[in-house]
$ cat structure.cif   # mmCIF, C-alpha atoms
data_structure
loop_
_atom_site.label_atom_id
_atom_site.label_comp_id
_atom_site.auth_asym_id
_atom_site.auth_seq_id
_atom_site.Cartn_x
_atom_site.Cartn_y
_atom_site.Cartn_z
CA MET A 1 -1.76 78.23 49.96
CA THR A 2 1.24 79.57 51.88
CA LEU A 3 3.62 78.21 49.27
CA LEU A 4 1.56 79.85 46.54
CA HIS A 5 1.70 83.17 48.39
CA ASP A 6 5.44 82.88 48.84
CA ARG A 7 5.96 82.48 45.08
CA LEU A 8 4.30 85.84 44.45
CA LEU A 9 6.26 89.08 44.48
CA PRO A 10 5.58 91.95 46.87
CA PRO A 11 4.52 95.29 45.36
CA PRO A 12 7.32 97.46 43.92
CA GLY A 13 8.65 100.44 45.83
CA PRO A 14 11.69 102.33 47.14
CA PRO A 15 14.57 100.37 48.72
CA ARG A 16 14.68 99.70 52.45
CA ARG A 17 17.47 102.24 52.90
CA ALA A 18 14.93 105.01 52.17
CA ALA A 19 12.94 104.17 55.32
CA LEU A 20 14.21 106.98 57.56
CA ARG A 21 13.81 109.56 54.81
CA MET A 22 10.23 108.34 54.19
CA LEU A 23 9.47 108.66 57.92
CA ALA A 24 10.61 112.29 57.84
CA VAL A 25 8.54 112.95 54.71
CA MET A 26 5.45 111.34 56.27
CA ALA A 27 5.63 113.74 59.19
CA ARG A 28 5.84 116.68 56.78
CA ASP A 29 3.70 115.72 53.75
CA ARG A 30 1.70 112.50 54.06
CA LEU A 31 -0.50 113.16 51.03
CA GLY A 32 2.38 114.12 48.78
CA MET A 33 4.49 111.14 49.83
CA ILE A 34 1.81 108.55 49.01
CA SER A 35 0.57 110.33 45.88
CA ASP A 36 4.12 110.55 44.50
CA ALA A 37 4.77 106.88 45.28
CA ILE A 38 1.65 105.80 43.39
CA ALA A 39 2.53 108.03 40.43
CA LEU A 40 6.03 106.50 40.30
CA TYR A 41 5.39 102.83 41.04
CA GLY A 42 1.74 102.25 40.07
CA ASP A 43 -1.42 101.14 41.86
CA ALA A 44 0.38 98.79 44.26
CA VAL A 45 3.36 100.12 46.23
CA ARG A 46 5.42 98.86 49.13
CA LEU A 47 6.69 101.96 50.92
CA PRO A 48 9.32 101.63 53.70
CA VAL A 49 8.55 104.05 56.53
CA GLY A 50 10.68 103.87 59.66
CA HIS A 51 10.73 100.27 60.86
CA LYS A 52 7.57 99.44 58.88
CA SER A 53 6.58 98.83 55.27
CA LEU A 54 3.26 100.21 54.03
CA HIS A 55 1.50 98.16 51.36
CA ILE A 56 -0.53 100.75 49.43
CA PHE A 57 -3.27 99.60 47.04
CA ASN A 58 -5.10 102.03 44.78
CA ARG A 59 -7.77 100.31 42.68
CA PRO A 60 -11.49 99.71 43.37
CA ASP A 61 -11.02 95.92 43.35
CA HIS A 62 -8.18 96.31 45.87
CA ALA A 63 -10.46 98.35 48.15
CA LYS A 64 -13.28 95.83 47.78
CA HIS A 65 -11.01 92.93 48.67
CA VAL A 66 -9.41 94.52 51.75
CA LEU A 67 -12.39 96.44 53.16
CA ALA A 68 -15.28 94.11 52.29
CA ASP A 69 -14.61 90.67 50.82
CA SER A 70 -11.72 89.78 53.15
CA SER A 71 -12.49 92.20 55.98
CA ASP A 72 -12.20 89.39 58.57
CA ASN A 73 -8.52 89.11 57.67
CA TYR A 74 -7.79 92.77 58.35
CA ARG A 75 -7.62 94.69 61.60
CA LYS A 76 -7.18 98.43 62.08
CA GLY A 77 -3.70 99.41 60.96
CA ILE A 78 -1.02 102.08 61.11
CA GLY A 79 -2.18 105.35 62.58
CA LEU A 80 -5.33 104.08 64.22
CA VAL A 81 -3.38 101.50 66.21
CA HIS A 82 -1.08 104.24 67.42
CA ALA A 83 -3.96 106.69 67.81
CA ARG A 84 -5.46 104.33 70.38
CA ARG A 85 -3.00 105.77 72.88
CA ALA A 86 -4.76 109.11 72.38
CA LEU A 87 -8.35 108.07 71.61
CA GLY A 88 -8.68 104.95 73.75
CA ASP A 89 -10.89 102.06 72.67
CA GLY A 90 -13.73 103.93 71.00
CA LEU A 91 -15.60 102.75 67.91
CA LEU A 92 -12.88 104.12 65.61
CA THR A 93 -10.01 102.13 67.11
CA SER A 94 -11.51 99.07 68.83
CA GLU A 95 -11.40 95.56 67.36
CA GLY A 96 -13.11 92.19 67.44
CA GLU A 97 -15.85 91.46 69.94
CA LEU A 98 -15.50 94.83 71.69
CA TRP A 99 -16.05 96.64 68.37
CA ARG A 100 -19.06 94.47 67.49
CA LYS A 101 -20.59 95.16 70.90
CA GLN A 102 -20.00 98.91 70.57
CA ARG A 103 -21.40 99.03 67.04
CA LYS A 104 -24.53 97.15 68.18
CA VAL A 105 -25.05 99.69 70.96
CA ILE A 106 -24.56 102.76 68.76
CA GLN A 107 -26.04 101.71 65.39
CA PRO A 108 -29.74 102.15 66.34
CA ALA A 109 -29.16 105.85 67.01
CA PHE A 110 -28.59 106.28 63.26
CA HIS A 111 -31.55 104.21 62.10
CA PRO A 112 -33.48 105.77 59.17
CA ARG A 113 -36.58 106.09 61.35
CA ARG A 114 -34.71 108.62 63.48
CA MET A 115 -33.61 110.72 60.51
CA ALA A 116 -36.77 112.84 60.37
CA ARG A 117 -36.31 113.96 63.96
CA HIS A 118 -32.61 114.55 63.35
CA ALA A 119 -33.50 116.63 60.26
CA ASP A 120 -35.57 119.04 62.33
CA LEU A 121 -32.73 119.47 64.84
CA ILE A 122 -30.20 120.03 62.05
CA ALA A 123 -32.42 122.68 60.46
CA VAL A 124 -32.70 124.60 63.74
CA GLU A 125 -28.92 124.50 64.32
CA ALA A 126 -28.33 125.53 60.69
CA GLU A 127 -30.64 128.52 61.04
CA GLN A 128 -28.60 129.65 64.04
CA LEU A 129 -25.52 129.44 61.79
CA MET A 130 -27.34 131.62 59.22
CA ASP A 131 -27.98 134.19 61.96
CA ARG A 132 -24.27 134.28 62.77
CA LEU A 133 -23.31 134.64 59.10
CA ARG A 134 -25.74 137.55 58.71
CA GLN A 135 -23.79 139.37 61.39
CA TRP A 136 -20.57 138.90 59.36
CA ARG A 137 -21.83 140.62 56.22
CA GLY A 138 -19.36 143.31 55.23
CA ASP A 139 -15.63 143.70 54.84
CA ASP A 140 -14.40 141.49 57.71
CA PRO A 141 -13.77 137.80 56.95
CA VAL A 142 -15.16 134.96 59.05
CA ASP A 143 -13.46 131.60 59.46
CA VAL A 144 -16.20 129.37 58.10
CA VAL A 145 -14.46 126.18 59.28
CA SER A 146 -14.69 127.46 62.85
CA GLU A 147 -18.37 128.28 62.32
CA PHE A 148 -19.03 124.86 60.79
CA THR A 149 -17.25 123.19 63.70
CA GLY A 150 -19.56 124.94 66.13
CA LEU A 151 -22.54 123.92 64.02
CA THR A 152 -21.57 120.25 63.78
CA LEU A 153 -20.81 119.98 67.49
CA GLY A 154 -24.21 121.50 68.17
CA VAL A 155 -25.91 119.00 65.87
CA LEU A 156 -24.14 116.02 67.41
CA GLY A 157 -24.96 117.23 70.90
CA ARG A 158 -28.65 117.57 70.04
CA THR A 159 -29.01 114.38 67.97
CA LEU A 160 -26.82 111.91 69.88
CA LEU A 161 -26.78 113.23 73.44
CA ASP A 162 -29.85 115.45 73.73
CA ALA A 163 -27.49 118.03 75.22
CA ASP A 164 -26.27 121.54 74.50
CA LEU A 165 -22.50 121.17 74.10
CA SER A 166 -22.02 124.93 73.84
CA ALA A 167 -22.45 124.95 77.61
CA PHE A 168 -19.00 123.36 77.88
CA GLY A 169 -17.08 126.30 76.47
CA SER A 170 -13.84 125.32 74.76
CA ILE A 171 -14.70 121.67 74.08
CA GLY A 172 -13.59 122.18 70.47
CA ASP A 173 -10.09 123.07 71.71
CA GLU A 174 -9.97 119.84 73.70
CA PHE A 175 -10.93 117.83 70.64
CA ALA A 176 -8.19 119.60 68.66
CA ALA A 177 -5.60 118.64 71.28
CA VAL A 178 -6.69 114.98 71.22
CA GLN A 179 -6.57 114.87 67.42
CA ASP A 180 -3.16 116.54 67.35
CA GLN A 181 -1.82 113.88 69.70
CA ALA A 182 -3.41 111.07 67.68
CA MET A 183 -1.73 112.27 64.48
CA PHE A 184 1.59 112.73 66.31
CA GLU A 185 1.31 109.08 67.33
CA LEU A 186 0.78 108.19 63.66
CA ALA A 187 3.68 110.25 62.32
CA SER A 188 6.07 108.96 65.00
CA LEU A 189 4.71 105.38 64.78
CA GLY A 190 4.13 105.49 68.53
CA SER A 191 7.86 105.65 69.22
CA VAL A 192 7.78 108.66 71.59
CA PRO A 193 6.99 107.72 75.22
CA THR A 194 3.77 109.31 76.48
CA TRP A 195 5.39 110.25 79.80
CA LEU A 196 7.77 112.75 78.17
CA PRO A 197 6.73 116.30 79.17
CA LEU A 198 6.45 117.58 75.62
CA ARG A 199 4.20 120.61 75.17
CA ARG A 200 1.88 118.67 72.84
CA GLN A 201 1.54 115.78 75.29
CA LEU A 202 0.97 118.05 78.28
CA ARG A 203 -1.80 119.79 76.31
CA PHE A 204 -3.24 116.40 75.42
CA ARG A 205 -3.33 115.25 79.06
CA ARG A 206 -5.14 118.43 80.08
CA ALA A 207 -7.62 117.92 77.25
CA ARG A 208 -8.30 114.32 78.27
CA ARG A 209 -8.98 115.41 81.85
CA GLU A 210 -11.35 118.13 80.65
CA LEU A 211 -13.19 115.78 78.30
CA GLN A 212 -13.55 113.26 81.12
CA ARG A 213 -15.10 116.05 83.21
CA VAL A 214 -17.54 116.84 80.39
CA VAL A 215 -18.52 113.18 80.03
CA ASP A 216 -18.99 112.82 83.79
CA GLN A 217 -21.20 115.90 83.84
CA LEU A 218 -23.31 114.66 80.91
CA VAL A 219 -23.78 111.27 82.58
CA GLU A 220 -24.64 112.88 85.92
CA GLN A 221 -27.27 115.07 84.25
CA ARG A 222 -28.74 112.04 82.51
CA LYS A 223 -29.11 110.12 85.79
CA GLY A 224 -31.76 112.56 86.89
CA TRP A 225 -33.87 112.10 83.76
CA GLY A 226 -35.16 108.63 84.50
CA ASP A 227 -35.91 106.05 81.81
CA GLY A 228 -37.49 106.65 78.43
CA HIS A 229 -34.53 108.12 76.53
CA ASP A 230 -32.93 106.15 73.72
CA ASP A 231 -30.14 108.35 72.37
CA VAL A 232 -26.48 107.34 72.16
CA LEU A 233 -25.63 108.59 75.65
CA SER A 234 -28.46 106.60 77.26
CA ARG A 235 -27.50 103.47 75.34
CA LEU A 236 -23.84 103.80 76.27
CA VAL A 237 -24.64 104.37 79.95
CA ALA A 238 -26.84 101.27 79.92
CA SER A 239 -24.16 99.19 78.17
CA THR A 240 -21.52 100.02 80.80
CA ARG A 241 -23.66 99.05 83.79
CA THR A 242 -22.45 95.47 83.42
CA GLU A 243 -18.83 96.49 83.96
CA ALA A 244 -17.61 95.16 87.31
CA ASP A 245 -15.03 97.93 87.67
CA PRO A 246 -16.55 101.47 87.74
CA ARG A 247 -13.26 102.87 86.44
CA VAL A 248 -13.50 100.69 83.34
CA ALA A 249 -17.10 101.82 82.77
CA ARG A 250 -16.09 105.46 83.15
CA ARG A 251 -13.20 105.08 80.71
CA ARG A 252 -15.38 103.28 78.16
CA LEU A 253 -17.94 106.07 78.25
CA ARG A 254 -15.26 108.68 77.74
CA ASP A 255 -13.56 106.82 74.89
CA GLU A 256 -16.82 106.23 73.02
CA LEU A 257 -18.20 109.74 73.37
CA VAL A 258 -14.90 111.46 72.59
CA THR A 259 -14.44 109.28 69.48
CA LEU A 260 -18.00 109.80 68.22
CA LEU A 261 -17.99 113.55 68.76
CA LEU A 262 -14.46 114.07 67.44
CA ALA A 263 -14.94 112.00 64.28
CA GLY A 264 -18.51 113.18 63.72
CA HIS A 265 -18.02 116.91 63.97
CA GLU A 266 -14.63 117.02 62.26
CA THR A 267 -15.64 115.16 59.09
CA THR A 268 -18.76 117.21 58.36
CA ALA A 269 -17.15 120.55 59.20
CA SER A 270 -14.24 119.73 56.87
CA THR A 271 -16.60 118.65 54.08
CA LEU A 272 -18.55 121.91 54.31
CA GLY A 273 -15.34 123.94 54.28
CA TRP A 274 -14.04 122.21 51.17
CA THR A 275 -17.43 122.53 49.46
CA LEU A 276 -17.60 126.29 50.00
CA TYR A 277 -14.01 126.65 48.82
CA LEU A 278 -14.65 124.66 45.63
CA ILE A 279 -17.83 126.47 44.57
CA ASP A 280 -16.39 129.93 45.17
CA ASN A 281 -15.01 130.13 41.62
CA GLU A 282 -17.91 128.26 40.00
CA PRO A 283 -20.68 130.81 39.32
CA GLU A 284 -22.79 128.32 37.36
CA VAL A 285 -22.68 125.83 40.23
CA ARG A 286 -23.59 128.54 42.74
CA GLU A 287 -26.54 129.66 40.62
CA ARG A 288 -27.86 126.12 40.22
CA LEU A 289 -27.59 125.61 43.97
CA ARG A 290 -29.49 128.83 44.62
CA GLU A 291 -32.22 127.98 42.11
CA GLU A 292 -32.69 124.53 43.61
CA ALA A 293 -32.83 125.88 47.17
CA ASP A 294 -35.40 128.51 46.16
CA ARG A 295 -37.51 125.93 44.32
CA VAL A 296 -37.41 123.23 47.00
CA LEU A 297 -37.28 125.25 50.21
CA GLY A 298 -38.71 128.65 49.37
CA GLY A 299 -38.21 130.66 52.53
CA ARG A 300 -38.69 127.87 55.08
CA LEU A 301 -36.36 125.49 56.91
CA PRO A 302 -35.58 122.15 55.25
CA THR A 303 -37.29 118.93 56.32
CA TYR A 304 -36.36 115.29 55.91
CA GLU A 305 -38.63 114.99 52.87
CA ASP A 306 -36.69 117.82 51.15
CA LEU A 307 -33.49 115.80 51.18
CA HIS A 308 -34.62 113.72 48.20
CA HIS A 309 -35.40 116.87 46.18
CA LEU A 310 -32.11 118.66 46.93
CA ARG A 311 -30.44 116.46 44.32
CA TYR A 312 -27.98 118.98 42.88
CA SER A 313 -26.91 120.09 46.36
CA THR A 314 -26.20 116.44 47.12
CA MET A 315 -24.15 116.07 43.93
CA VAL A 316 -22.05 119.11 44.84
CA VAL A 317 -21.29 117.70 48.31
CA GLU A 318 -20.46 114.30 46.80
CA GLU A 319 -18.03 115.86 44.34
CA ALA A 320 -16.38 117.87 47.12
CA MET A 321 -15.92 114.62 49.06
CA ARG A 322 -14.42 113.00 45.97
CA LEU A 323 -11.65 115.60 45.78
CA TYR A 324 -11.28 115.98 49.55
CA PRO A 325 -12.71 112.85 51.19
CA PRO A 326 -13.36 113.30 54.91
CA VAL A 327 -11.93 109.82 55.52
CA TRP A 328 -8.75 110.19 53.48
CA LEU A 329 -6.89 107.14 54.83
CA LEU A 330 -8.13 103.60 55.58
CA PRO A 331 -5.28 101.71 57.31
CA ARG A 332 -5.47 97.96 57.95
CA MET A 333 -3.17 95.19 59.16
CA SER A 334 -3.34 91.70 57.67
CA VAL A 335 -3.97 88.86 60.10
CA ALA A 336 -2.92 86.09 57.72
CA ALA A 337 -0.92 86.24 54.50
CA ASP A 338 -2.99 87.41 51.54
CA VAL A 339 -2.88 88.22 47.84
CA VAL A 340 -4.07 91.67 46.78
CA GLY A 341 -4.01 92.64 43.11
CA GLY A 342 -1.70 89.72 42.39
CA TYR A 343 0.88 90.79 44.99
CA HIS A 344 1.94 88.92 48.11
CA VAL A 345 0.98 90.53 51.42
CA PRO A 346 2.64 88.79 54.40
CA ALA A 347 0.81 88.24 57.67
CA GLY A 348 1.08 91.28 59.94
CA SER A 349 1.57 93.71 57.06
CA ASP A 350 0.37 97.31 57.17
CA VAL A 351 -2.06 97.76 54.26
CA VAL A 352 -3.38 101.16 53.21
CA ILE A 353 -6.38 102.07 51.04
CA LEU A 354 -6.31 105.79 50.29
CA PRO A 355 -9.63 107.33 49.17
CA TYR A 356 -7.78 110.57 48.38
CA THR A 357 -5.80 108.96 45.55
CA LEU A 358 -8.45 106.40 44.59
CA HIS A 359 -10.92 109.25 44.00
CA ARG A 360 -8.43 110.86 41.59
CA HIS A 361 -7.55 107.73 39.62
CA PRO A 362 -7.56 108.75 35.93
CA GLU A 363 -8.84 105.35 34.82
CA PHE A 364 -12.11 105.87 36.68
CA TRP A 365 -12.43 109.65 36.72
CA THR A 366 -12.14 111.83 33.60
CA ARG A 367 -10.04 114.93 34.29
CA PRO A 368 -9.87 113.88 37.94
CA GLU A 369 -8.49 117.16 39.32
CA ARG A 370 -11.45 119.14 37.95
CA PHE A 371 -14.43 119.99 40.18
CA ASP A 372 -17.50 118.66 38.34
CA PRO A 373 -20.68 117.80 40.29
CA GLU A 374 -22.20 116.27 37.14
CA ARG A 375 -20.05 113.20 37.81
CA PHE A 376 -22.69 112.26 40.38
CA ASP A 377 -25.61 112.32 38.03
CA PRO A 378 -27.20 108.89 38.76
CA ALA A 379 -26.66 107.70 35.17
CA ARG A 380 -22.91 108.38 35.37
CA VAL A 381 -22.61 106.86 38.84
CA ARG A 382 -23.86 103.52 37.50
CA GLU A 383 -20.99 103.45 34.99
CA ARG A 384 -18.26 103.44 37.67
CA PRO A 385 -17.04 100.58 39.87
CA ARG A 386 -18.75 100.65 43.25
CA TYR A 387 -15.48 100.97 45.16
CA ALA A 388 -14.06 103.81 43.07
CA TYR A 389 -15.79 106.19 45.50
CA ILE A 390 -15.59 105.50 49.25
CA PRO A 391 -15.64 108.83 51.13
CA PHE A 392 -16.95 107.18 54.31
CA GLY A 393 -14.98 103.96 54.03
CA ALA A 394 -16.56 100.65 53.03
CA GLY A 395 -17.38 97.18 54.28
CA PRO A 396 -18.45 96.34 57.85
CA ARG A 397 -16.62 99.36 59.27
CA VAL A 398 -18.21 101.96 57.01
CA CYS A 399 -18.83 105.21 58.93
CA VAL A 400 -21.85 104.71 61.20
CA GLY A 401 -22.94 108.36 60.92
CA SER A 402 -22.53 108.88 57.17
CA ASN A 403 -26.24 109.49 56.49
CA LEU A 404 -26.49 112.01 59.30
CA GLY A 405 -23.38 113.82 58.06
CA MET A 406 -24.64 113.94 54.46
CA MET A 407 -28.02 115.32 55.49
CA GLU A 408 -26.33 117.99 57.59
CA ALA A 409 -23.96 119.03 54.78
CA VAL A 410 -26.72 119.17 52.14
CA PHE A 411 -29.10 121.19 54.33
CA VAL A 412 -26.42 123.71 55.29
CA LEU A 413 -25.17 124.08 51.71
CA ALA A 414 -28.69 124.71 50.40
CA MET A 415 -29.45 127.26 53.12
CA ILE A 416 -26.18 129.12 52.50
CA ALA A 417 -26.64 129.09 48.70
CA ARG A 418 -30.15 130.50 49.06
CA GLU A 419 -28.96 133.59 50.93
CA PHE A 420 -25.20 134.16 50.78
CA ARG A 421 -22.19 134.44 48.54
CA LEU A 422 -19.08 133.38 50.48
CA SER A 423 -15.76 134.39 48.91
CA THR A 424 -12.26 133.27 49.80
CA LEU A 425 -9.61 135.89 50.47
CA PRO A 426 -7.40 136.40 47.38
CA ARG A 427 -4.07 135.77 49.12
CA HIS A 428 -5.16 133.04 51.51
CA GLN A 429 -3.53 129.69 50.73
CA VAL A 430 -5.90 126.73 51.08
CA VAL A 431 -3.84 123.68 51.99
CA PRO A 432 -5.11 120.17 52.84
CA GLU A 433 -4.13 118.96 56.31
CA PRO A 434 -4.51 115.17 56.62
CA MET A 435 -5.48 114.61 60.23
CA LEU A 436 -8.21 112.19 61.37
CA SER A 437 -10.18 113.87 58.61
CA LEU A 438 -8.88 115.84 55.65
CA ARG A 439 -9.30 119.33 57.00
CA ILE A 440 -8.16 122.77 55.79
CA ARG A 441 -4.95 123.92 57.43
CA ALA A 442 -5.32 127.20 59.33
CA GLY A 443 -9.03 127.46 58.58
CA LEU A 444 -10.88 129.15 55.74
CA PRO A 445 -11.52 132.91 56.10
CA MET A 446 -14.28 134.06 53.75
CA LEU A 447 -16.17 137.27 53.07
CA VAL A 448 -19.96 137.13 53.46
CA SER A 449 -22.23 138.96 51.02
CA GLY A 450 -25.66 138.52 49.48
CA VAL A 451 -26.32 136.08 46.62
CA GLY A 452 -26.40 138.91 44.08
CA ALA A 453 -22.90 140.15 44.93
CA VAL A 454 -20.29 140.26 42.16
CA ALA A 455 -16.91 138.66 42.82
#
$ encode --input "structure.cif" --output "structure tokens"
Amino acid sequence: MTLLHDRLLPPPGPPRRAALRMLAVMARDRLGMISDAIALYGDAVRLPVGHKSLHIFNRPDHAKHVLADSSDNYRKGIGLVHARRALGDGLLTSEGELWRKQRKVIQPAFHPRRMARHADLIAVEAEQLMDRLRQWRGDDPVDVVSEFTGLTLGVLGRTLLDADLSAFGSIGDEFAAVQDQAMFELASLGSVPTWLPLRRQLRFRRARRELQRVVDQLVEQRKGWGDGHDDVLSRLVASTRTEADPRVARRRLRDELVTLLLAGHETTASTLGWTLYLIDNEPEVRERLREEADRVLGGRLPTYEDLHHLRYSTMVVEEAMRLYPPVWLLPRMSVAADVVGGYHVPAGSDVVILPYTLHRHPEFWTRPERFDPERFDPARVRERPRYAYIPFGAGPRVCVGSNLGMMEAVFVLAMIAREFRLSTLPRHQVVPEPMLSLRIRAGLPMLVSGVGAVA
């Protein structure tokens, strides 16, 4: 088998001498660099970046092979390996037996039986968001991404921890500092020592200390509650009791909670921001959303049963995640040599599946740059390859909280469409920022008016 692999060619790509230039481009424009490489070389590219070579694959069968069929041969790759220095060994970055143990502990918190209770909590948090938006009606813009971030942190606190995270003040700023450091580790390939007193790294260290304080306080509060709770925090506390070293148990709790809250709130807040941006110039989409919300919800809060009837709202969110997938990058590293799409992948290679470009592949998406929720009509979905659309990843490591995030996004979109028209500022540039999720750089200021307002 090894001889057969060796006879195959690697994917095409720029020469090795371009490696330093590619490293500089990656730090400045990761999306543009990879998109341009695929446009120039095709659906399989070997891209030299610094001292590494990225093997980029951009077809549904490539994604299926790497993420699902041969997932045992692939570990977490570039970016997430380096991000471990910032995030620790949480569910996003851990491997092997530790990951399986963590997933087993956390998975039950997202069981479908819990969704009805989560739906009620989401609806209450969403109504508080509506109250805040009502106060912004007028001529002053509100940064909706900031509002959505507060909402999603509130939802995660209520659903996973049974706690009010707003009591911890600037926790969102701490998460931003951790994410900034994680992406710096990716862009620099972990080559900058963590002990250097750079401003970013000093901010990161302060954030880690503050997040540890928050975790310690949450755990201390939970100790006084007694048994009977079965949320994520309780399950994580119970799972760390077997650790012989209390410092290891404390670090594990911090890594898990920081990873879950950071990944969970960031992805949904970004998805809602992109959705509101995309529908702003689509009056027919906005009207259909409003009609559906009026018909299904009337004037009440949504329930779990409503989720199945908010079909068009779901299609709109799905199309927003096609164009701007919350998980924009799925990096892996091959354990043994492999063949992907007919190309040789040596052992230890960095392999990248990019939902951002896969979701825009013209072979599988007609007019891929166009926003069209009708693509997700069930009849049309059946016509596409399963792995042409992977906004939450795929295979064993598919996002554990995807159903919770979708329910949150659909409920909030329906409630906003029922009552508000949110309009982007004419001169504000909306630019994708590929961090741990694909967020909007510098936020999204929007004007709030009633549904009958004219643009």
$ closest_residue --input "structure.cif" --among "A:Arg322, A:Lys64, A:Arg209, A:Arg290" --to "A:Arg370" --atoms "all atoms listed in the file"
A:Arg322
$ closest_residue --input "structure.cif" --among "A:Arg311, A:Arg137, A:Arg114, A:Arg16" --to "A:Ser53" --atoms "only C-alpha atoms"
A:Arg16
$ closest_residue --input "structure.cif" --among "A:Ile353, A:Lys101, A:Asp280, A:Pro434" --to "A:Leu186" --atoms "all atoms listed in the file"
A:Pro434
$ closest_residue --input "structure.cif" --among "A:Ser437, A:Thr357, A:Ser170, A:Ser71" --to "A:Gly42" --atoms "only C-alpha atoms"
A:Thr357
$ resolve_selection --input "structure.cif" --expression "the PyMOL selection byres ((chain A and resi 27-32) around 9)" --output "PyMOL selection string"
chain A and resi 22-26+33-37+184+186-188+356-357+432-434
$ axis_aligned_box --input "structure.cif" --around "stretch 253-259 of chain A" --padding-each-side "5 Å" --output "AutoDock Vina command-line options"
--center_x -15.9 --center_y 108.8 --center_z 73.9 --size_x 14.6 --size_y 15.4 --size_z 18.8
$ closest_residue --input "structure.cif" --among "A:Leu358, A:Leu153, A:Val340, A:Val430" --to "A:Val66" --atoms "all atoms listed in the file"
A:Val340
$ residues_around --input "structure.cif" --residues "A:Pro12" --least-positions-apart "4" --cutoff "9 Å" --atoms "all atoms listed in the file" --output "list in words"
Tyr41, Gly42, Ala44, Val45, Arg46 and Leu47 of chain A
$ residues_around --input "structure.cif" --residues "A:Asp72" --least-positions-apart "2" --cutoff "12 Å" --atoms "all atoms listed in the file" --output "PyMOL selection string"
chain A and resi 65-70+74-76+95-96+332-336+338+395-397
$ residues_around --input "structure.cif" --residues "A:Glu305" --least-positions-apart "2" --cutoff "12 Å" --atoms "only C-alpha atoms" --output "list in words"
Met115, Ala116, Arg117, Ala119, Asp120, Val296, Leu297, Leu301, Pro302, Thr303, Leu307, His308, His309, Leu310, Arg311, Met407 and Phe411 of chain A
$ write_last_selection --input "structure.cif" --atoms "C-alpha atoms" --output "PDB file, keeping the file's coordinate frame"
ATOM      1  CA  MET A 115     -33.610 110.720  60.510  1.00  0.00           C
ATOM      2  CA  ALA A 116     -36.770 112.840  60.370  1.00  0.00           C
ATOM      3  CA  ARG A 117     -36.310 113.960  63.960  1.00  0.00           C
ATOM      4  CA  ALA A 119     -33.500 116.630  60.260  1.00  0.00           C
ATOM      5  CA  ASP A 120     -35.570 119.040  62.330  1.00  0.00           C
ATOM      6  CA  VAL A 296     -37.410 123.230  47.000  1.00  0.00           C
ATOM      7  CA  LEU A 297     -37.280 125.250  50.210  1.00  0.00           C
ATOM      8  CA  LEU A 301     -36.360 125.490  56.910  1.00  0.00           C
ATOM      9  CA  PRO A 302     -35.580 122.150  55.250  1.00  0.00           C
ATOM     10  CA  THR A 303     -37.290 118.930  56.320  1.00  0.00           C
ATOM     11  CA  LEU A 307     -33.490 115.800  51.180  1.00  0.00           C
ATOM     12  CA  HIS A 308     -34.620 113.720  48.200  1.00  0.00           C
ATOM     13  CA  HIS A 309     -35.400 116.870  46.180  1.00  0.00           C
ATOM     14  CA  LEU A 310     -32.110 118.660  46.930  1.00  0.00           C
ATOM     15  CA  ARG A 311     -30.440 116.460  44.320  1.00  0.00           C
ATOM     16  CA  MET A 407     -28.020 115.320  55.490  1.00  0.00           C
ATOM     17  CA  PHE A 411     -29.100 121.190  54.330  1.00  0.00           C
TER      18      PHE A 411
END
$ decode --input "structure.cif" --residues "stretch 365-373 of chain A" --atoms "N, CA and C atoms" --output "PDB file, in the first residue's frame"
ATOM      1  N   TRP A 365     -23.662  24.138  -6.466  1.00  0.00           N
ATOM      2  CA  TRP A 365     -24.529  25.260  -6.105  1.00  0.00           C
ATOM      3  C   TRP A 365     -24.677  26.188  -7.310  1.00  0.00           C
ATOM      4  N   THR A 366     -25.878  26.325  -7.836  1.00  0.00           N
ATOM      5  CA  THR A 366     -26.135  27.235  -8.943  1.00  0.00           C
ATOM      6  C   THR A 366     -26.027  28.679  -8.469  1.00  0.00           C
ATOM      7  N   ARG A 367     -25.315  29.484  -9.215  1.00  0.00           N
ATOM      8  CA  ARG A 367     -25.077  30.895  -8.828  1.00  0.00           C
ATOM      9  C   ARG A 367     -24.709  30.959  -7.340  1.00  0.00           C
ATOM     10  N   PRO A 368     -23.580  30.392  -6.989  1.00  0.00           N
ATOM     11  CA  PRO A 368     -23.249  30.165  -5.575  1.00  0.00           C
ATOM     12  C   PRO A 368     -23.117  31.422  -4.731  1.00  0.00           C
ATOM     13  N   GLU A 369     -22.806  32.567  -5.344  1.00  0.00           N
ATOM     14  CA  GLU A 369     -22.636  33.788  -4.550  1.00  0.00           C
ATOM     15  C   GLU A 369     -23.967  34.442  -4.209  1.00  0.00           C
ATOM     16  N   ARG A 370     -25.047  33.967  -4.811  1.00  0.00           N
ATOM     17  CA  ARG A 370     -26.360  34.577  -4.606  1.00  0.00           C
ATOM     18  C   ARG A 370     -27.031  34.027  -3.358  1.00  0.00           C
ATOM     19  N   PHE A 371     -27.664  34.901  -2.582  1.00  0.00           N
ATOM     20  CA  PHE A 371     -28.422  34.506  -1.393  1.00  0.00           C
ATOM     21  C   PHE A 371     -29.803  34.008  -1.826  1.00  0.00           C
ATOM     22  N   ASP A 372     -30.079  32.724  -1.612  1.00  0.00           N
ATOM     23  CA  ASP A 372     -31.326  32.127  -2.085  1.00  0.00           C
ATOM     24  C   ASP A 372     -31.781  31.037  -1.117  1.00  0.00           C
ATOM     25  N   PRO A 373     -32.631  31.362  -0.157  1.00  0.00           N
ATOM     26  CA  PRO A 373     -33.095  30.359   0.810  1.00  0.00           C
ATOM     27  C   PRO A 373     -33.809  29.174   0.183  1.00  0.00           C
TER      28      PRO A 373
END
